[in-house]
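Asker: One file is attached below, work-v9.txt, containing compact mmCIF, C-alpha atoms.
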# COMPACT_ATOMS: atom_id res chain seq x y z
CA MET A 1 -4.69 0.29 -17.73
CA ASN A 2 -6.70 -2.82 -18.44
CA LYS A 3 -9.63 -4.75 -16.97
CA TRP A 4 -7.30 -6.68 -14.64
CA ASP A 5 -5.82 -3.46 -13.26
CA LYS A 6 -9.35 -2.22 -12.65
CA ARG A 7 -10.36 -5.42 -10.84
CA PHE A 8 -7.32 -5.46 -8.60
CA MET A 9 -7.56 -1.74 -7.82
CA GLU A 10 -11.20 -2.25 -6.83
CA MET A 11 -10.00 -5.02 -4.54
CA ALA A 12 -7.34 -2.72 -3.01
CA ARG A 13 -10.08 -0.17 -2.32
CA LEU A 14 -12.16 -2.85 -0.58
CA VAL A 15 -9.20 -4.01 1.52
CA ALA A 16 -8.63 -0.36 2.52
CA THR A 17 -12.03 -0.37 4.26
CA TRP A 18 -10.61 -2.84 6.80
CA THR A 19 -8.20 -0.22 8.17
CA SER A 20 -7.90 0.36 11.88
CA CYS A 21 -6.36 3.79 11.34
CA PHE A 22 -8.02 6.57 13.32
CA THR A 23 -7.37 9.37 10.83
CA PRO A 24 -10.11 10.02 8.25
CA GLY A 25 -8.82 9.69 4.69
CA ARG A 26 -5.97 7.38 5.70
CA ALA A 27 -7.64 4.09 4.80
CA ILE A 28 -5.05 2.36 2.61
CA GLY A 29 -5.26 -1.04 0.96
CA ALA A 30 -2.79 -3.17 -0.98
CA VAL A 31 -3.11 -6.31 -3.07
CA ILE A 32 -0.14 -8.31 -4.36
CA VAL A 33 -0.87 -10.16 -7.58
CA LYS A 34 1.13 -12.65 -9.63
CA ASP A 35 -0.07 -14.20 -12.89
CA LYS A 36 -3.54 -12.62 -12.38
CA ARG A 37 -3.90 -14.33 -9.00
CA VAL A 38 -4.10 -12.64 -5.62
CA MET A 39 -1.15 -13.66 -3.46
CA THR A 40 -1.80 -11.50 -0.37
CA THR A 41 -3.56 -8.38 0.82
CA GLY A 42 -2.76 -5.75 3.42
CA TYR A 43 -4.25 -2.67 4.99
CA ASN A 44 -2.85 -0.10 7.37
CA GLY A 45 -3.35 -1.23 10.93
CA ALA A 46 -1.72 -2.00 14.23
CA PRO A 47 0.56 -5.04 14.55
CA ALA A 48 -1.08 -8.27 15.76
CA GLY A 49 -1.73 -8.18 19.47
CA MET A 50 -1.48 -4.39 19.74
CA LYS A 51 -4.44 -2.10 20.29
CA THR A 52 -5.44 -0.27 17.13
CA CYS A 53 -5.59 3.50 16.77
CA VAL A 54 -9.38 3.25 16.78
CA GLU A 55 -9.28 1.29 20.06
CA LYS A 56 -6.83 3.82 21.53
CA GLY A 57 -9.04 6.65 20.30
CA GLU A 58 -6.17 8.65 18.87
CA CYS A 59 -3.78 9.07 16.01
CA LEU A 60 -0.25 9.29 17.41
CA ARG A 61 0.94 11.24 14.37
CA ARG A 62 -1.83 13.81 14.69
CA LYS A 63 -1.26 14.02 18.45
CA LEU A 64 2.43 14.79 17.87
CA GLY A 65 1.79 17.14 14.94
CA ILE A 66 3.74 15.04 12.43
CA GLU A 67 3.33 16.18 8.82
CA SER A 68 2.09 13.66 6.25
CA GLY A 69 4.91 12.07 4.25
CA THR A 70 7.46 12.44 7.06
CA ARG A 71 8.67 10.31 9.98
CA HIS A 72 6.77 7.24 8.81
CA GLU A 73 8.12 5.19 11.70
CA VAL A 74 6.17 7.21 14.28
CA CYS A 75 2.79 5.53 13.91
CA TYR A 76 0.95 2.72 15.64
CA ALA A 77 0.01 1.19 12.27
CA ALA A 78 2.02 -0.83 9.82
CA HIS A 79 1.47 0.30 6.23
CA ALA A 80 -0.76 -1.66 3.85
CA GLU A 81 2.14 -2.55 1.54
CA GLU A 82 4.24 -3.64 4.51
CA ASN A 83 1.44 -5.87 5.81
CA ALA A 84 0.89 -7.47 2.39
CA ILE A 85 4.62 -8.23 2.00
CA LEU A 86 4.90 -9.56 5.56
CA GLN A 87 1.83 -11.74 5.04
CA ALA A 88 3.52 -13.33 2.01
CA ALA A 89 6.65 -13.99 4.07
CA LYS A 90 4.66 -15.43 6.97
CA LEU A 91 2.74 -17.76 4.65
CA GLY A 92 5.76 -18.72 2.52
CA ILE A 93 4.32 -17.20 -0.66
CA SER A 94 6.76 -16.02 -3.33
CA ILE A 95 5.95 -12.54 -4.58
CA ASP A 96 9.09 -12.21 -6.70
CA GLY A 97 8.07 -10.68 -10.02
CA ALA A 98 4.61 -9.68 -8.73
CA THR A 99 2.56 -6.51 -9.12
CA LEU A 100 1.42 -4.53 -6.09
CA TYR A 101 -1.83 -2.57 -6.34
CA CYS A 102 -2.22 0.12 -3.72
CA THR A 103 -4.73 2.86 -3.07
CA HIS A 104 -1.86 5.28 -2.39
CA GLN A 105 1.69 5.79 -3.68
CA PRO A 106 4.04 3.87 -1.37
CA CYS A 107 6.30 5.77 1.04
CA SER A 108 10.09 5.41 0.89
CA ILE A 109 10.16 2.75 3.63
CA CYS A 110 7.61 0.62 1.77
CA ALA A 111 9.40 1.33 -1.53
CA LYS A 112 12.56 -0.29 -0.15
CA MET A 113 10.58 -3.34 0.98
CA ILE A 114 8.86 -3.58 -2.41
CA VAL A 115 12.22 -3.51 -4.21
CA ASN A 116 13.79 -6.11 -1.93
CA ALA A 117 10.71 -8.38 -2.15
CA GLY A 118 11.23 -8.54 -5.92
CA ILE A 119 7.97 -6.79 -6.84
CA LYS A 120 8.41 -5.47 -10.38
CA ARG A 121 5.37 -3.23 -10.85
CA VAL A 122 3.41 -0.93 -8.54
CA VAL A 123 0.04 0.51 -9.53
CA TYR A 124 -1.30 3.21 -7.22
CA GLU A 125 -4.31 5.51 -7.30
CA GLN A 126 -3.59 8.49 -5.04
CA GLY A 127 -0.34 10.38 -4.63
CA TYR A 128 1.65 10.69 -1.43
CA PRO A 129 4.10 13.46 -0.46
CA ASP A 130 7.27 11.36 -0.47
CA ALA A 131 9.51 12.22 -3.45
CA PHE A 132 12.28 9.93 -2.18
CA SER A 133 10.11 6.87 -2.86
CA LEU A 134 9.88 7.96 -6.51
CA GLU A 135 13.68 8.10 -6.66
CA ILE A 136 13.94 4.58 -5.21
CA PHE A 137 11.55 3.15 -7.80
CA ALA A 138 13.25 5.00 -10.68
CA GLU A 139 16.76 3.91 -9.70
CA THR A 140 15.83 0.27 -9.13
CA GLY A 141 13.69 -0.13 -12.25
CA VAL A 142 10.44 -0.93 -10.47
CA GLN A 143 7.66 0.13 -12.81
CA LEU A 144 5.46 2.72 -11.05
CA GLU A 145 2.11 3.55 -12.64
CA LYS A 146 -0.58 5.95 -11.50
CA TYR A 147 -3.96 4.27 -11.93
CA VAL A 148 -6.40 6.22 -14.05
CA GLU A 149 -9.74 4.54 -14.52
CA GLU A 150 -10.86 4.28 -18.12
CA GLU A 151 -14.45 4.22 -19.26
CA ASN A 152 -14.52 0.72 -20.80
CA ALA A 153 -11.71 -1.01 -18.91
Since I need it in another form, could you write the structure as structure tokens?

Answerer:
Amino acid sequence: MNKWDKRFMEMARLVATWTSCFTPGRAIGAVIVKDKRVMTTGYNGAPAGMKTCVEKGECLRRKLGIESGTRHEVCYAAHAEENAILQAAKLGISIDGATLYCTHQPCSICAKMIVNAGIKRVVYEQGYPDAFSLEIFAETGVQLEKYVEEENA
């Protein structure tokens, strides 16, 4: 890892604080970078115009007893990676060949979006219980790196 990885991971951590997710420990942030420039950011939160989990006062997944890493589609929130990719599309920003920094390893649904968006490298800090996403990245050649902070980076 280098000083740029450190800077962008710090930014992903900051973006994660904007979450509207109700569940403690589920604040996730993503930053898409190309040529050392931030293209877009995303955090996990409800779609525009929909009440957030915080506003609803509940986590649908917790309410239904859904295990982490499964049934990703049953959630009020869109994932951080998903929101960052959709923001690029909405704004007409090319992220082909970019790097995505994320506080957590992407799930399999986000992995498919990352591949199809042309993102070539994903740097994540915390693991996530979705082995299928690892298979997707390995088969498609997207470089997946676990971020480990170095002393003098």

Asker: In Å, how far is it from CA of Glu55 (chain A) to CA of Met9 (chain A)?

Answerer: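 If I compute the distance from CA of Glu55 (chain A) to CA of Met9 (chain A), I get 28.1 Å.
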
Asker: Please work out which residues fall within 10 Å of (-2.1, -13.5, -10.9), coordinates as given in the file, with only C-alpha atoms counting, and return them as a PyMOL selection string.

Answerer: chain A and resi 4+8+32-39+98-99

Asker: In Å to one decimal, how far is CA of Ala46 (chain A) from CA of Ala131 (chain A)?

Answerer: 25.3 Å

Asker: So which residues touch Cys53 (chain A) within 10 Å, counting only C-alpha atoms, skipping near sequence neighbours fewer than 3 positions away, as an NGL selection string?

Answerer: :A and (19-23 or 45-46 or 50 or 56-60 or 75-77)

Asker: I'd like the box whose edges run along x, y and z of the file and which contains every listed atom of region 43-55 of chain A, padded by 5 Å per side; could you state its centre and edge lengths in Å, one decimal, as AutoDock Vina command-line options?

Answerer:
--center_x -4.4 --center_y -2.4 --center_z 12.6 --size_x 19.9 --size_y 21.8 --size_z 25.3

Asker: May I ask which of the residues A:Gly92, A:Glu10, A:Leu86, A:Ala30 is the closest one to Val122 (chain A), counting all atoms listed in the file?

Answerer: A:Ala30

Asker: Which residue is closest to Thr140 (chain A)? Choose from A:Ala16, A:Met11, A:Ala111, A:Leu64 and count all atoms listed in the file.

Answerer: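 Checking each candidate against Thr140 (chain A), we get A:Ala111 as the closest.
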
Asker: Could you name the residues that touch Tyr124 (chain A) at 7 Å or less, counting only C-alpha atoms, but leaving out those on the same chain fewer than 6 positions away, as an MDAnalysis selection string?

Answerer: chainID A and resid 101:105 145:147

Asker: Excluding Ala78 (chain A) and residues on its chain fewer than 5 positions from it, collect all residues at most 9 Å away from it, counting all atoms listed in the file, and give them as a PyMOL selection string.

Answerer: chain A and resi 43-47+73+83

Asker: Could you name the residues that touch Gly42 (chain A) at 7 Å or less, counting all atoms listed in the file, but leaving out those on the same chain fewer than 3 positions away, as a VMD selection string?

Answerer: chain A and resid 15 29 to 31 80 to 81 83 to 84

Asker: Please reconstruct the missing atoms of region 70-81 of chain A (target: all heavy atoms) and return them as a compact mmCIF listing (two decimals), in the coordinates of the input.

Answerer:
# COMPACT_ATOMS: atom_id res chain seq x y z
N THR A 70 6.22 12.36 6.29
CA THR A 70 7.46 12.44 7.06
C THR A 70 7.39 11.49 8.26
O THR A 70 6.29 11.11 8.69
CB THR A 70 7.71 13.87 7.60
OG1 THR A 70 6.69 14.20 8.55
CG2 THR A 70 7.72 14.89 6.47
N ARG A 71 8.55 11.13 8.76
CA ARG A 71 8.67 10.31 9.98
C ARG A 71 7.68 9.15 10.03
O ARG A 71 6.94 8.95 10.97
CB ARG A 71 8.51 11.21 11.22
CG ARG A 71 9.57 12.30 11.26
CD ARG A 71 9.55 13.12 12.52
NE ARG A 71 9.81 12.27 13.67
CZ ARG A 71 9.36 12.55 14.90
NH1 ARG A 71 8.68 13.64 15.13
NH2 ARG A 71 9.64 11.74 15.89
N HIS A 72 7.71 8.35 8.97
CA HIS A 72 6.77 7.24 8.81
C HIS A 72 6.81 6.26 9.98
O HIS A 72 5.82 5.58 10.25
CB HIS A 72 7.07 6.47 7.52
CG HIS A 72 7.19 7.32 6.31
ND1 HIS A 72 6.13 7.98 5.75
CD2 HIS A 72 8.27 7.65 5.56
CE1 HIS A 72 6.54 8.66 4.71
NE2 HIS A 72 7.82 8.48 4.56
N GLU A 73 7.96 6.18 10.62
CA GLU A 73 8.12 5.19 11.70
C GLU A 73 7.34 5.55 12.96
O GLU A 73 7.11 4.69 13.82
CB GLU A 73 9.62 5.02 12.03
CG GLU A 73 10.25 6.18 12.79
CD GLU A 73 10.58 7.42 11.96
OE1 GLU A 73 10.37 7.44 10.75
OE2 GLU A 73 11.07 8.40 12.56
N VAL A 74 6.92 6.80 13.09
CA VAL A 74 6.17 7.21 14.28
C VAL A 74 4.68 7.07 13.97
O VAL A 74 4.01 8.01 13.54
CB VAL A 74 6.52 8.66 14.70
CG1 VAL A 74 5.77 9.03 15.98
CG2 VAL A 74 8.01 8.82 14.91
N CYS A 75 4.19 5.86 14.18
CA CYS A 75 2.79 5.53 13.91
C CYS A 75 2.50 4.18 14.55
O CYS A 75 3.37 3.30 14.55
CB CYS A 75 2.57 5.47 12.40
SG CYS A 75 0.88 5.13 11.91
N TYR A 76 1.32 4.02 15.08
CA TYR A 76 0.95 2.72 15.64
C TYR A 76 0.78 1.68 14.53
O TYR A 76 1.00 0.50 14.74
CB TYR A 76 -0.37 2.81 16.41
CG TYR A 76 -0.34 3.68 17.65
CD1 TYR A 76 -1.25 4.71 17.81
CD2 TYR A 76 0.60 3.47 18.66
CE1 TYR A 76 -1.24 5.50 18.96
CE2 TYR A 76 0.63 4.26 19.80
CZ TYR A 76 -0.30 5.28 19.94
OH TYR A 76 -0.29 6.06 21.06
N ALA A 77 0.36 2.11 13.36
CA ALA A 77 0.01 1.19 12.27
C ALA A 77 1.20 0.81 11.42
O ALA A 77 2.12 1.59 11.21
CB ALA A 77 -1.07 1.83 11.39
N ALA A 78 1.13 -0.40 10.90
CA ALA A 78 2.02 -0.83 9.82
C ALA A 78 1.31 -0.47 8.52
O ALA A 78 0.08 -0.51 8.45
CB ALA A 78 2.26 -2.33 9.91
N HIS A 79 2.07 -0.11 7.50
CA HIS A 79 1.47 0.30 6.23
C HIS A 79 0.88 -0.90 5.48
O HIS A 79 1.28 -2.05 5.70
CB HIS A 79 2.51 0.99 5.37
CG HIS A 79 2.90 2.34 5.88
ND1 HIS A 79 3.72 3.18 5.18
CD2 HIS A 79 2.56 3.00 7.02
CE1 HIS A 79 3.88 4.31 5.87
NE2 HIS A 79 3.20 4.21 6.98
N ALA A 80 -0.07 -0.62 4.61
CA ALA A 80 -0.76 -1.66 3.85
C ALA A 80 0.22 -2.51 3.04
O ALA A 80 0.14 -3.74 3.04
CB ALA A 80 -1.80 -1.02 2.93
N GLU A 81 1.16 -1.84 2.36
CA GLU A 81 2.14 -2.55 1.54
C GLU A 81 3.01 -3.45 2.42
O GLU A 81 3.30 -4.60 2.07
CB GLU A 81 3.05 -1.56 0.79
CG GLU A 81 2.31 -0.51 0.00
CD GLU A 81 2.07 0.79 0.76
OE1 GLU A 81 1.74 0.74 1.96
OE2 GLU A 81 2.22 1.85 0.15
